[in-house]
file start-v3.cif (mmCIF, C-alpha atoms)
data_query
#
loop_
_atom_site.label_atom_id
_atom_site.label_comp_id
_atom_site.auth_asym_id
_atom_site.auth_seq_id
_atom_site.Cartn_x
_atom_site.Cartn_y
_atom_site.Cartn_z
CA MET A 1 -54.06 21.93 55.51
CA PHE A 2 -51.63 19.28 54.21
CA LEU A 3 -53.92 16.41 55.31
CA SER A 4 -56.97 18.13 53.83
CA SER A 5 -55.14 18.68 50.55
CA LEU A 6 -54.00 15.06 50.48
CA LEU A 7 -57.54 13.82 51.11
CA ILE A 8 -59.02 15.95 48.35
CA PHE A 9 -56.20 14.93 45.97
CA LEU A 10 -57.04 11.27 46.71
CA GLY A 11 -60.66 12.14 45.96
CA GLY A 12 -59.55 13.41 42.56
CA LEU A 13 -57.76 10.11 41.85
CA PHE A 14 -60.89 8.12 42.82
CA LEU A 15 -63.09 10.42 40.75
CA ALA A 16 -60.93 9.94 37.64
CA LEU A 17 -60.96 6.17 38.19
CA ASP A 18 -64.74 6.27 38.49
CA GLY A 19 -65.04 8.24 35.25
CA LEU A 20 -62.76 5.80 33.42
CA VAL A 21 -64.53 2.68 34.70
CA CYS A 22 -67.94 4.19 33.93
CA SER A 23 -66.96 5.06 30.37
CA VAL A 24 -65.61 1.55 29.75
CA VAL A 25 -68.73 -0.06 31.25
CA GLY A 26 -70.93 2.44 29.39
CA LEU A 27 -69.50 1.27 26.06
CA ARG A 28 -70.55 -2.28 26.89
CA ILE A 29 -73.91 -2.01 28.64
CA GLY A 30 -75.11 1.48 27.76
CA THR A 31 -75.26 4.81 29.54
CA VAL A 32 -78.51 4.30 31.48
CA ARG A 33 -77.62 0.88 32.90
CA THR A 34 -74.14 2.10 33.83
CA LEU A 35 -75.64 5.10 35.61
CA LEU A 36 -78.06 2.84 37.48
CA TRP A 37 -75.36 0.39 38.60
CA ASN A 38 -73.06 3.26 39.52
CA ARG A 39 -75.67 4.87 41.77
CA ILE A 40 -76.74 1.52 43.34
CA ALA A 41 -73.16 0.48 44.18
CA GLY A 42 -72.40 4.01 45.41
CA SER A 43 -75.50 4.11 47.61
CA ALA A 44 -74.58 0.76 49.14
CA LEU A 45 -71.07 1.97 50.00
CA VAL A 46 -72.25 5.31 51.40
CA LEU A 47 -74.93 3.57 53.47
CA THR A 48 -72.33 1.14 54.85
CA VAL A 49 -69.93 3.96 55.74
CA VAL A 50 -72.71 6.02 57.35
CA VAL A 51 -73.95 3.11 59.48
CA ILE A 52 -70.48 1.84 60.48
CA PHE A 53 -68.79 5.17 61.22
CA PHE A 54 -71.68 7.38 62.27
CA GLY A 55 -74.08 4.84 63.74
CA PRO A 56 -77.76 4.53 62.89
CA MET A 57 -78.98 8.08 62.49
CA ASP A 58 -82.42 9.39 63.06
CA PHE A 59 -83.07 9.67 59.29
CA LYS A 60 -86.74 10.56 59.55
CA ARG A 61 -86.31 13.40 62.01
CA GLN A 62 -83.42 14.95 60.07
CA LEU A 63 -85.04 14.64 56.66
CA PHE A 64 -88.37 16.05 57.84
CA PHE A 65 -87.07 19.64 57.79
CA VAL A 66 -85.27 19.52 54.43
CA PRO A 67 -87.07 21.47 51.68
CA ILE A 68 -88.16 19.17 48.85
CA SER A 69 -86.33 21.28 46.22
CA LEU A 70 -82.97 20.31 47.74
CA TYR A 71 -83.52 16.64 46.86
CA GLY A 72 -82.87 17.66 43.23
CA ALA A 73 -79.09 17.59 43.81
CA GLY A 74 -79.06 13.81 43.31
CA ILE A 75 -80.83 14.15 39.96
CA LEU A 76 -78.43 16.88 38.82
CA VAL A 77 -75.40 14.75 39.72
CA ALA A 78 -76.96 11.69 38.02
CA LEU A 79 -77.68 13.71 34.87
CA SER A 80 -74.15 15.11 34.69
CA MET A 81 -72.86 11.58 35.31
CA ALA A 82 -74.96 10.25 32.40
CA ILE A 83 -73.62 12.98 30.12
CA ASN A 84 -70.11 12.16 31.27
CA ILE A 85 -70.53 8.42 30.60
CA PHE A 86 -71.85 9.20 27.12
CA VAL A 87 -69.30 11.88 26.18
CA LEU A 88 -66.11 10.51 27.76
CA PRO A 89 -65.33 7.72 25.26
CA ARG A 90 -66.12 10.05 22.38
CA LEU A 91 -64.12 13.12 23.44
CA GLY A 92 -61.41 11.25 25.34
CA ALA A 93 -60.85 11.03 29.08
CA THR A 94 -58.58 14.00 29.54
CA LYS A 95 -60.55 16.46 27.44
CA SER A 96 -64.04 15.69 28.75
CA VAL A 97 -63.22 15.30 32.43
CA LEU A 98 -61.03 18.37 32.55
CA LEU A 99 -63.46 20.55 30.61
CA VAL A 100 -66.21 19.66 33.08
CA LEU A 101 -63.98 20.43 36.04
CA ALA A 102 -62.67 23.62 34.43
CA GLY A 103 -66.23 24.95 34.08
CA ASP A 104 -66.91 23.99 37.66
CA LEU A 105 -63.69 25.68 38.77
CA ILE A 106 -64.69 29.02 37.25
CA VAL A 107 -68.11 28.91 38.98
CA SER A 108 -66.46 27.90 42.28
CA THR A 109 -63.96 30.75 42.10
CA LEU A 110 -66.82 33.18 41.52
CA VAL A 111 -68.66 31.72 44.54
CA ASP A 112 -65.49 31.90 46.67
CA SER A 113 -64.87 35.50 45.67
CA GLN A 114 -68.48 36.45 46.40
CA GLN A 115 -68.25 34.85 49.84
CA GLY A 116 -64.99 36.67 50.56
CA HIS A 117 -62.79 33.54 50.64
CA ILE A 118 -60.47 34.90 47.94
CA ARG A 119 -57.79 37.36 49.02
CA SER A 120 -56.36 38.06 45.58
CA LEU A 121 -58.64 37.71 42.57
CA CYS A 122 -55.63 38.36 40.33
CA ALA A 123 -53.81 35.29 41.75
CA ALA A 124 -57.00 33.22 41.36
CA VAL A 125 -57.28 34.23 37.69
CA ILE A 126 -53.60 33.37 37.12
CA GLY A 127 -54.14 29.98 38.82
CA ILE A 128 -57.15 29.18 36.61
CA ALA A 129 -55.25 30.36 33.52
CA LEU A 130 -52.41 27.95 34.41
CA LEU A 131 -54.90 25.08 34.78
CA PHE A 132 -56.35 25.94 31.38
CA ALA A 133 -52.82 26.04 29.96
CA GLY A 134 -52.42 22.47 31.24
CA ILE A 135 -55.66 21.40 29.54
CA THR A 136 -54.57 23.08 26.29
CA MET A 137 -51.23 21.29 26.53
CA ALA A 138 -53.05 17.94 26.76
CA GLU A 139 -55.20 18.86 23.77
CA ILE A 140 -52.15 19.83 21.66
CA GLY A 141 -50.52 16.53 22.63
CA ASN A 142 -53.64 14.59 21.54
CA ARG A 143 -53.75 16.39 18.18
CA ASN A 144 -50.08 15.76 17.50
CA GLU A 145 -50.46 12.00 18.00
CA MET B 146 -75.06 21.21 36.83
CA LEU B 147 -72.34 20.05 39.20
CA ALA B 148 -71.89 23.54 40.63
CA LEU B 149 -75.65 23.80 41.24
CA ALA B 150 -75.71 20.31 42.78
CA ASN B 151 -72.82 21.34 45.01
CA TYR B 152 -74.75 24.38 46.19
CA GLN B 153 -77.87 22.27 46.86
CA TYR B 154 -75.77 19.72 48.75
CA LYS B 155 -74.35 22.50 50.92
CA GLU B 156 -77.85 23.79 51.65
CA PHE B 157 -79.03 20.23 52.41
CA SER B 158 -76.19 19.85 54.92
CA ARG B 159 -77.62 22.79 56.88
CA TYR B 160 -80.73 20.74 57.65
CA ALA B 161 -79.24 17.24 57.98
CA SER B 162 -75.80 15.70 58.53
CA PRO B 163 -73.45 15.93 55.47
CA HIS B 164 -73.20 12.14 55.21
CA LEU B 165 -76.95 11.76 55.23
CA ALA B 166 -77.07 14.41 52.48
CA LEU B 167 -74.61 12.32 50.47
CA LEU B 168 -76.67 9.17 51.03
CA VAL B 169 -79.84 10.96 49.90
CA SER B 170 -78.05 12.33 46.84
CA TYR B 171 -76.95 8.79 45.85
CA SER B 172 -80.36 7.28 46.57
CA VAL B 173 -82.20 9.94 44.57
CA GLY B 174 -79.68 9.40 41.75
CA ALA B 175 -80.33 5.63 41.86
CA ALA B 176 -84.08 6.20 41.76
CA PHE B 177 -83.63 8.60 38.85
CA GLY B 178 -81.49 5.97 37.05
CA ALA B 179 -84.19 3.35 37.65
CA VAL B 180 -86.85 5.67 36.20
CA LEU B 181 -84.66 6.32 33.15
CA LYS B 182 -84.19 2.56 32.74
CA LEU B 183 -87.95 1.99 32.95
CA ILE B 184 -88.60 4.69 30.37
CA SER B 185 -85.98 3.38 27.99
CA GLY B 186 -87.32 -0.19 28.45
CA ARG B 187 -85.28 -3.04 27.03
CA LYS B 188 -83.58 -0.84 24.47
CA ASN B 189 -80.07 0.21 25.42
CA ILE B 190 -80.43 3.84 24.47
CA LEU B 191 -77.24 5.80 23.93
CA LEU B 192 -75.34 2.54 23.44
CA PRO B 193 -72.70 2.81 20.71
CA LYS B 194 -72.69 0.14 17.99
CA ARG B 195 -69.14 -0.99 18.66
CA GLN B 196 -68.80 -3.28 21.73
CA PRO B 197 -65.16 -4.30 21.55
CA PHE B 198 -64.65 -6.30 24.75
CA SER B 199 -66.27 -8.54 27.29
CA LEU B 200 -67.03 -7.19 30.71
CA SER B 201 -65.97 -8.58 34.08
CA SER B 202 -68.74 -8.72 36.65
CA PHE B 203 -66.55 -6.53 38.90
CA ALA B 204 -67.27 -3.69 36.49
CA TYR B 205 -70.78 -3.46 37.96
CA LEU B 206 -69.15 -2.14 41.10
CA THR B 207 -68.31 0.98 39.12
CA GLY B 208 -69.89 3.30 41.68
CA ILE B 209 -67.57 2.28 44.52
CA SER B 210 -64.66 4.55 43.59
CA GLY B 211 -67.06 7.42 42.85
CA ALA B 212 -68.69 7.05 46.26
CA MET B 213 -65.27 6.91 47.93
CA ALA B 214 -64.38 10.12 46.11
CA ALA B 215 -67.63 11.74 47.23
CA ILE B 216 -67.08 10.70 50.87
CA VAL B 217 -63.58 12.18 50.81
CA ILE B 218 -64.56 15.32 48.90
CA PHE B 219 -67.50 16.12 51.14
CA SER B 220 -65.45 15.65 54.31
CA PRO B 221 -64.66 18.68 56.53
CA ALA B 222 -61.42 19.05 54.54
CA ARG B 223 -63.37 20.88 51.86
CA SER B 224 -64.34 23.81 54.03
CA GLU B 225 -60.71 24.41 54.94
CA LEU B 226 -59.62 24.62 51.31
CA GLY B 227 -62.59 26.49 49.84
CA PHE B 228 -64.44 25.58 46.66
CA ALA B 229 -61.72 26.68 44.24
CA GLY B 230 -58.88 25.07 46.22
CA THR B 231 -60.81 21.80 46.47
CA LEU B 232 -61.60 21.73 42.78
CA SER B 233 -58.07 22.60 41.72
CA LEU B 234 -56.75 19.65 43.78
CA LEU B 235 -59.41 17.44 42.19
CA VAL B 236 -58.20 18.54 38.76
CA LEU B 237 -54.63 17.64 39.74
CA GLY B 238 -55.73 14.20 40.95
CA GLN B 239 -57.66 13.61 37.75
CA VAL B 240 -54.77 14.74 35.54
CA ILE B 241 -52.38 12.34 37.27
CA MET B 242 -54.86 9.44 37.18
CA ASN B 243 -55.63 10.00 33.50
CA ILE B 244 -51.94 10.16 32.60
CA VAL B 245 -51.27 6.95 34.57
CA ALA B 246 -54.27 5.24 32.92
CA ASP B 247 -53.12 6.28 29.45
CA THR B 248 -49.48 5.36 30.07
CA LEU B 249 -50.19 1.94 31.61
CA GLY B 250 -53.21 1.20 29.41
CA LEU B 251 -55.48 0.59 32.41
CA LEU B 252 -58.97 -0.91 31.85
CA GLY B 253 -58.18 -1.88 28.29
CA LEU B 254 -57.31 1.65 27.18
CA ARG B 255 -54.83 2.01 24.34
CA LYS B 256 -51.32 2.37 25.77
CA ARG B 257 -49.73 5.73 25.12
CA ALA B 258 -46.19 6.80 25.92
CA PHE B 259 -45.61 9.61 28.41
CA THR B 260 -44.85 12.65 26.25
CA VAL B 261 -43.49 16.12 26.79
CA TYR B 262 -47.09 17.38 26.49
CA ASP B 263 -48.12 15.23 29.45
CA PHE B 264 -45.21 16.62 31.41
CA GLY B 265 -46.23 20.17 30.44
CA GLN B 266 -49.82 19.49 31.44
CA LEU B 267 -48.69 18.16 34.81
CA CYS B 268 -46.41 21.16 35.43
CA PHE B 269 -49.06 23.74 34.48
CA THR B 270 -51.70 22.01 36.59
CA MET B 271 -49.42 21.81 39.64
CA LEU B 272 -48.49 25.48 39.23
CA GLY B 273 -52.17 26.43 38.89
CA VAL B 274 -53.13 24.46 41.99
CA GLY B 275 -50.21 26.00 43.92
CA VAL B 276 -51.19 29.56 42.96
CA LEU B 277 -54.87 28.93 43.81
CA LEU B 278 -54.09 27.35 47.17
CA PHE B 279 -51.26 29.51 48.46
CA PHE B 280 -51.59 32.94 46.83
CA SER B 281 -55.27 33.56 46.17
CA ARG B 282 -56.58 32.74 49.66
#

call {"tool": "encode", "arguments": {"input": "start-v3.cif", "output": "structure tokens"}}
result
Amino acid sequence: MFLSSLLIFLGGLFLALDGLVCSVVGLRIGTVRTLLWNRIAGSALVLTVVVIFFGPMDFKRQLFFVPISLYGAGILVALSMAINIFVLPRLGATKSVLLVLAGDLIVSTLVDSQQGHIRSLCAAVIGIALLFAGITMAEIGNRNE
Amino acid sequence: MLALANYQYKEFSRYASPHLALLVSYSVGAAFGAVLKLISGRKNILLPKRQPFSLSSFAYLTGISGAMAAIVIFSPARSELGFAGTLSLLVLGQVIMNIVADTLGLLGLRKRAFTVYDFGQLCFTMLGVGVLLFFSR
């Protein structure tokens, strides 16, 4: 569990860095172009990793059975990314990124509890409340500056 | 949107390998970005008036860290921690990165001293992550 936690924590660091770089680039070249470059560079890296570490896969055979509606995930992520690039410099990094993740966290906890992964809903609610307390703390700090 | 995308990604992974699902997600996103660019034409829609700095060409590699995050996040580690545990750790990573970026003034951001509010935010977030990971599951 420690290694898994460390990996996901590292993912959080990378994600924040991505958000920051995107917002800075978005200010200079615009939201749409930033989104496009972000997805192109990302695709190139993912393709490289897939080919190097997992070998050439039988793409056609695997993709043949996937329902067309599931391809929409990429559009949803791209849309939320575009909103993020646009909103982040205006609301501030901490506020926008954490509000997005906080909303996601509530939905995820509901999903976890529905799937029976949560042993104590009370502890989950306390955990989320503490995370929100952290976000509020950051907001108070920003206002006091 | 992200929660729905996450669900779709999970469903996609039932039909194809998770890494292929990630690759498709990025490729569809790139195609969607290209369509948006075509629609918006030469105009830089949503571009603010103020453009305060010049841009290094390395900035066009913006997607690299995001893709690295996605590869790590969608690894088998996620299933061990559950959705909520994964996201709470992501929040912690983001809080720390944002505080570091603000304190050091990374990427041309305005430098800001580390305050008691930052410390409080860090403590609350770590406590929240701890409770979600160790007591709720």

call {"tool": "atom_distance", "arguments": {"input": "start-v3.cif", "atom1": "atom CA of B:Arg159", "atom2": "atom CA of A:Phe54"}}
result
17.4 Å

call {"tool": "resolve_selection", "arguments": {"input": "start-v3.cif", "expression": "the PyMOL selection byres ((chain B and resi 262-279) around 9)", "output": "VMD selection string"}}
result
(chain A and resid 123 to 142) or (chain B and resid 226 to 227 229 to 234 236 to 237 240 to 241 244 259 to 261 280 to 282)

call {"tool": "write_last_selection", "arguments": {"input": "start-v3.cif", "atoms": "C-alpha atoms", "output": "mmCIF file, in the coordinates of the input"}}
result
data_model
loop_
_atom_site.group_PDB
_atom_site.id
_atom_site.type_symbol
_atom_site.label_atom_id
_atom_site.label_comp_id
_atom_site.auth_asym_id
_atom_site.auth_seq_id
_atom_site.Cartn_x
_atom_site.Cartn_y
_atom_site.Cartn_z
ATOM 1 C CA ALA A 123 -53.810 35.290 41.750
ATOM 2 C CA ALA A 124 -57.000 33.220 41.360
ATOM 3 C CA VAL A 125 -57.280 34.230 37.690
ATOM 4 C CA ILE A 126 -53.600 33.370 37.120
ATOM 5 C CA GLY A 127 -54.140 29.980 38.820
ATOM 6 C CA ILE A 128 -57.150 29.180 36.610
ATOM 7 C CA ALA A 129 -55.250 30.360 33.520
ATOM 8 C CA LEU A 130 -52.410 27.950 34.410
ATOM 9 C CA LEU A 131 -54.900 25.080 34.780
ATOM 10 C CA PHE A 132 -56.350 25.940 31.380
ATOM 11 C CA ALA A 133 -52.820 26.040 29.960
ATOM 12 C CA GLY A 134 -52.420 22.470 31.240
ATOM 13 C CA ILE A 135 -55.660 21.400 29.540
ATOM 14 C CA THR A 136 -54.570 23.080 26.290
ATOM 15 C CA MET A 137 -51.230 21.290 26.530
ATOM 16 C CA ALA A 138 -53.050 17.940 26.760
ATOM 17 C CA GLU A 139 -55.200 18.860 23.770
ATOM 18 C CA ILE A 140 -52.150 19.830 21.660
ATOM 19 C CA GLY A 141 -50.520 16.530 22.630
ATOM 20 C CA ASN A 142 -53.640 14.590 21.540
ATOM 21 C CA LEU B 226 -59.620 24.620 51.310
ATOM 22 C CA GLY B 227 -62.590 26.490 49.840
ATOM 23 C CA ALA B 229 -61.720 26.680 44.240
ATOM 24 C CA GLY B 230 -58.880 25.070 46.220
ATOM 25 C CA THR B 231 -60.810 21.800 46.470
ATOM 26 C CA LEU B 232 -61.600 21.730 42.780
ATOM 27 C CA SER B 233 -58.070 22.600 41.720
ATOM 28 C CA LEU B 234 -56.750 19.650 43.780
ATOM 29 C CA VAL B 236 -58.200 18.540 38.760
ATOM 30 C CA LEU B 237 -54.630 17.640 39.740
ATOM 31 C CA VAL B 240 -54.770 14.740 35.540
ATOM 32 C CA ILE B 241 -52.380 12.340 37.270
ATOM 33 C CA ILE B 244 -51.940 10.160 32.600
ATOM 34 C CA PHE B 259 -45.610 9.610 28.410
ATOM 35 C CA THR B 260 -44.850 12.650 26.250
ATOM 36 C CA VAL B 261 -43.490 16.120 26.790
ATOM 37 C CA PHE B 280 -51.590 32.940 46.830
ATOM 38 C CA SER B 281 -55.270 33.560 46.170
ATOM 39 C CA ARG B 282 -56.580 32.740 49.660
#

call {"tool": "residues_around", "arguments": {"input": "start-v3.cif", "residues": "stretch 31-36 of chain A", "least_positions_apart": "4", "cutoff": "12 Å", "atoms": "only C-alpha atoms", "output": "PyMOL selection string"}}
result
(chain A and resi 18-27+40-43+75+77-89) or (chain B and resi 171-193+204-208+211)

call {"tool": "write_last_selection", "arguments": {"input": "start-v3.cif", "atoms": "C-alpha atoms", "output": "PDB file, keeping the file's coordinate frame"}}
result
ATOM      1  CA  ASP A  18     -64.740   6.270  38.490  1.00  0.00           C
ATOM      2  CA  GLY A  19     -65.040   8.240  35.250  1.00  0.00           C
ATOM      3  CA  LEU A  20     -62.760   5.800  33.420  1.00  0.00           C
ATOM      4  CA  VAL A  21     -64.530   2.680  34.700  1.00  0.00           C
ATOM      5  CA  CYS A  22     -67.940   4.190  33.930  1.00  0.00           C
ATOM      6  CA  SER A  23     -66.960   5.060  30.370  1.00  0.00           C
ATOM      7  CA  VAL A  24     -65.610   1.550  29.750  1.00  0.00           C
ATOM      8  CA  VAL A  25     -68.730  -0.060  31.250  1.00  0.00           C
ATOM      9  CA  GLY A  26     -70.930   2.440  29.390  1.00  0.00           C
ATOM     10  CA  LEU A  27     -69.500   1.270  26.060  1.00  0.00           C
ATOM     11  CA  ILE A  40     -76.740   1.520  43.340  1.00  0.00           C
ATOM     12  CA  ALA A  41     -73.160   0.480  44.180  1.00  0.00           C
ATOM     13  CA  GLY A  42     -72.400   4.010  45.410  1.00  0.00           C
ATOM     14  CA  SER A  43     -75.500   4.110  47.610  1.00  0.00           C
ATOM     15  CA  ILE A  75     -80.830  14.150  39.960  1.00  0.00           C
ATOM     16  CA  VAL A  77     -75.400  14.750  39.720  1.00  0.00           C
ATOM     17  CA  ALA A  78     -76.960  11.690  38.020  1.00  0.00           C
ATOM     18  CA  LEU A  79     -77.680  13.710  34.870  1.00  0.00           C
ATOM     19  CA  SER A  80     -74.150  15.110  34.690  1.00  0.00           C
ATOM     20  CA  MET A  81     -72.860  11.580  35.310  1.00  0.00           C
ATOM     21  CA  ALA A  82     -74.960  10.250  32.400  1.00  0.00           C
ATOM     22  CA  ILE A  83     -73.620  12.980  30.120  1.00  0.00           C
ATOM     23  CA  ASN A  84     -70.110  12.160  31.270  1.00  0.00           C
ATOM     24  CA  ILE A  85     -70.530   8.420  30.600  1.00  0.00           C
ATOM     25  CA  PHE A  86     -71.850   9.200  27.120  1.00  0.00           C
ATOM     26  CA  VAL A  87     -69.300  11.880  26.180  1.00  0.00           C
ATOM     27  CA  LEU A  88     -66.110  10.510  27.760  1.00  0.00           C
ATOM     28  CA  PRO A  89     -65.330   7.720  25.260  1.00  0.00           C
TER      29      PRO A  89
ATOM     30  CA  TYR B 171     -76.950   8.790  45.850  1.00  0.00           C
ATOM     31  CA  SER B 172     -80.360   7.280  46.570  1.00  0.00           C
ATOM     32  CA  VAL B 173     -82.200   9.940  44.570  1.00  0.00           C
ATOM     33  CA  GLY B 174     -79.680   9.400  41.750  1.00  0.00           C
ATOM     34  CA  ALA B 175     -80.330   5.630  41.860  1.00  0.00           C
ATOM     35  CA  ALA B 176     -84.080   6.200  41.760  1.00  0.00           C
ATOM     36  CA  PHE B 177     -83.630   8.600  38.850  1.00  0.00           C
ATOM     37  CA  GLY B 178     -81.490   5.970  37.050  1.00  0.00           C
ATOM     38  CA  ALA B 179     -84.190   3.350  37.650  1.00  0.00           C
ATOM     39  CA  VAL B 180     -86.850   5.670  36.200  1.00  0.00           C
ATOM     40  CA  LEU B 181     -84.660   6.320  33.150  1.00  0.00           C
ATOM     41  CA  LYS B 182     -84.190   2.560  32.740  1.00  0.00           C
ATOM     42  CA  LEU B 183     -87.950   1.990  32.950  1.00  0.00           C
ATOM     43  CA  ILE B 184     -88.600   4.690  30.370  1.00  0.00           C
ATOM     44  CA  SER B 185     -85.980   3.380  27.990  1.00  0.00           C
ATOM     45  CA  GLY B 186     -87.320  -0.190  28.450  1.00  0.00           C
ATOM     46  CA  ARG B 187     -85.280  -3.040  27.030  1.00  0.00           C
ATOM     47  CA  LYS B 188     -83.580  -0.840  24.470  1.00  0.00           C
ATOM     48  CA  ASN B 189     -80.070   0.210  25.420  1.00  0.00           C
ATOM     49  CA  ILE B 190     -80.430   3.840  24.470  1.00  0.00           C
ATOM     50  CA  LEU B 191     -77.240   5.800  23.930  1.00  0.00           C
ATOM     51  CA  LEU B 192     -75.340   2.540  23.440  1.00  0.00           C
ATOM     52  CA  PRO B 193     -72.700   2.810  20.710  1.00  0.00           C
ATOM     53  CA  ALA B 204     -67.270  -3.690  36.490  1.00  0.00           C
ATOM     54  CA  TYR B 205     -70.780  -3.460  37.960  1.00  0.00           C
ATOM     55  CA  LEU B 206     -69.150  -2.140  41.100  1.00  0.00           C
ATOM     56  CA  THR B 207     -68.310   0.980  39.120  1.00  0.00           C
ATOM     57  CA  GLY B 208     -69.890   3.300  41.680  1.00  0.00           C
ATOM     58  CA  GLY B 211     -67.060   7.420  42.850  1.00  0.00           C
TER      59      GLY B 211
END

call {"tool": "closest_residue", "arguments": {"input": "start-v3.cif", "among": "B:Ser158, B:Leu249, B:Val217, B:Ala166", "to": "chain A", "atoms": "all atoms listed in the file"}}
result
B:Val217

call {"tool": "atom_distance", "arguments": {"input": "start-v3.cif", "atom1": "atom CA of B:Asn243", "atom2": "atom CA of A:Leu76"}}
result
24.4 Å

call {"tool": "atom_distance", "arguments": {"input": "start-v3.cif", "atom1": "atom CA of A:Trp37", "atom2": "atom CA of B:Gln153"}}
result
23.5 Å

call {"tool": "closest_residue", "arguments": {"input": "start-v3.cif", "among": "B:Thr248, B:Glu156, B:Ile216, B:Gly238", "to": "chain A", "atoms": "all atoms listed in the file"}}
result
B:Gly238

call {"tool": "resolve_selection", "arguments": {"input": "start-v3.cif", "expression": "the PyMOL selection byres ((chain A and resi 11) around 8)", "output": "list in words"}}
result
Leu7, Ile8, Phe9, Leu10, Gly12, Leu13, Phe14 and Leu15 of chain A; Met213, Ala214, Ala215, Val217, Ile218, Leu235 and Gly238 of chain B

call {"tool": "closest_residue", "arguments": {"input": "start-v3.cif", "among": "A:Asn144, A:Thr109, A:Ser96, A:Gln114", "to": "chain B", "atoms": "only C-alpha atoms"}}
result
A:Thr109

call {"tool": "decode", "arguments": {"input": "start-v3.cif", "residues": "stretch 3-8 of chain A", "atoms": "all heavy atoms", "output": "mmCIF file, in the first residue's frame"}}
result
data_model
loop_
_atom_site.group_PDB
_atom_site.id
_atom_site.type_symbol
_atom_site.label_atom_id
_atom_site.label_comp_id
_atom_site.auth_asym_id
_atom_site.auth_seq_id
_atom_site.Cartn_x
_atom_site.Cartn_y
_atom_site.Cartn_z
ATOM 1 N N LEU A 3 3.795 1.748 -1.471
ATOM 2 C CA LEU A 3 4.279 2.047 -2.828
ATOM 3 C C LEU A 3 3.155 2.633 -3.690
ATOM 4 O O LEU A 3 3.359 3.597 -4.432
ATOM 5 C CB LEU A 3 4.844 0.773 -3.468
ATOM 6 C CG LEU A 3 5.571 0.991 -4.796
ATOM 7 C CD1 LEU A 3 6.835 1.805 -4.599
ATOM 8 C CD2 LEU A 3 5.904 -0.333 -5.456
ATOM 9 N N SER A 4 1.963 2.046 -3.553
ATOM 10 C CA SER A 4 0.813 2.554 -4.303
ATOM 11 C C SER A 4 0.539 4.004 -3.928
ATOM 12 O O SER A 4 0.318 4.862 -4.791
ATOM 13 C CB SER A 4 -0.435 1.728 -4.004
ATOM 14 O OG SER A 4 -0.197 0.390 -4.242
ATOM 15 N N SER A 5 0.556 4.270 -2.606
ATOM 16 C CA SER A 5 0.282 5.630 -2.131
ATOM 17 C C SER A 5 1.323 6.606 -2.670
ATOM 18 O O SER A 5 0.990 7.710 -3.102
ATOM 19 C CB SER A 5 0.287 5.676 -0.603
ATOM 20 O OG SER A 5 -0.610 4.747 -0.101
ATOM 21 N N LEU A 6 2.596 6.154 -2.643
ATOM 22 C CA LEU A 6 3.678 7.016 -3.118
ATOM 23 C C LEU A 6 3.511 7.340 -4.606
ATOM 24 O O LEU A 6 3.681 8.492 -5.033
ATOM 25 C CB LEU A 6 5.023 6.318 -2.876
ATOM 26 C CG LEU A 6 6.272 7.168 -3.116
ATOM 27 C CD1 LEU A 6 6.358 8.271 -2.072
ATOM 28 C CD2 LEU A 6 7.518 6.318 -3.072
ATOM 29 N N LEU A 7 3.143 6.307 -5.377
ATOM 30 C CA LEU A 7 2.940 6.495 -6.823
ATOM 31 C C LEU A 7 1.834 7.511 -7.093
ATOM 32 O O LEU A 7 1.982 8.420 -7.920
ATOM 33 C CB LEU A 7 2.572 5.158 -7.473
ATOM 34 C CG LEU A 7 3.704 4.277 -7.963
ATOM 35 C CD1 LEU A 7 3.161 2.969 -8.493
ATOM 36 C CD2 LEU A 7 4.503 4.984 -9.052
ATOM 37 N N ILE A 8 0.710 7.333 -6.397
ATOM 38 C CA ILE A 8 -0.423 8.228 -6.624
ATOM 39 C C ILE A 8 -0.083 9.648 -6.165
ATOM 40 O O ILE A 8 -0.451 10.630 -6.813
ATOM 41 C CB ILE A 8 -1.683 7.720 -5.882
ATOM 42 C CG1 ILE A 8 -2.050 6.326 -6.381
ATOM 43 C CG2 ILE A 8 -2.850 8.664 -6.066
ATOM 44 C CD1 ILE A 8 -2.509 6.229 -7.812
#
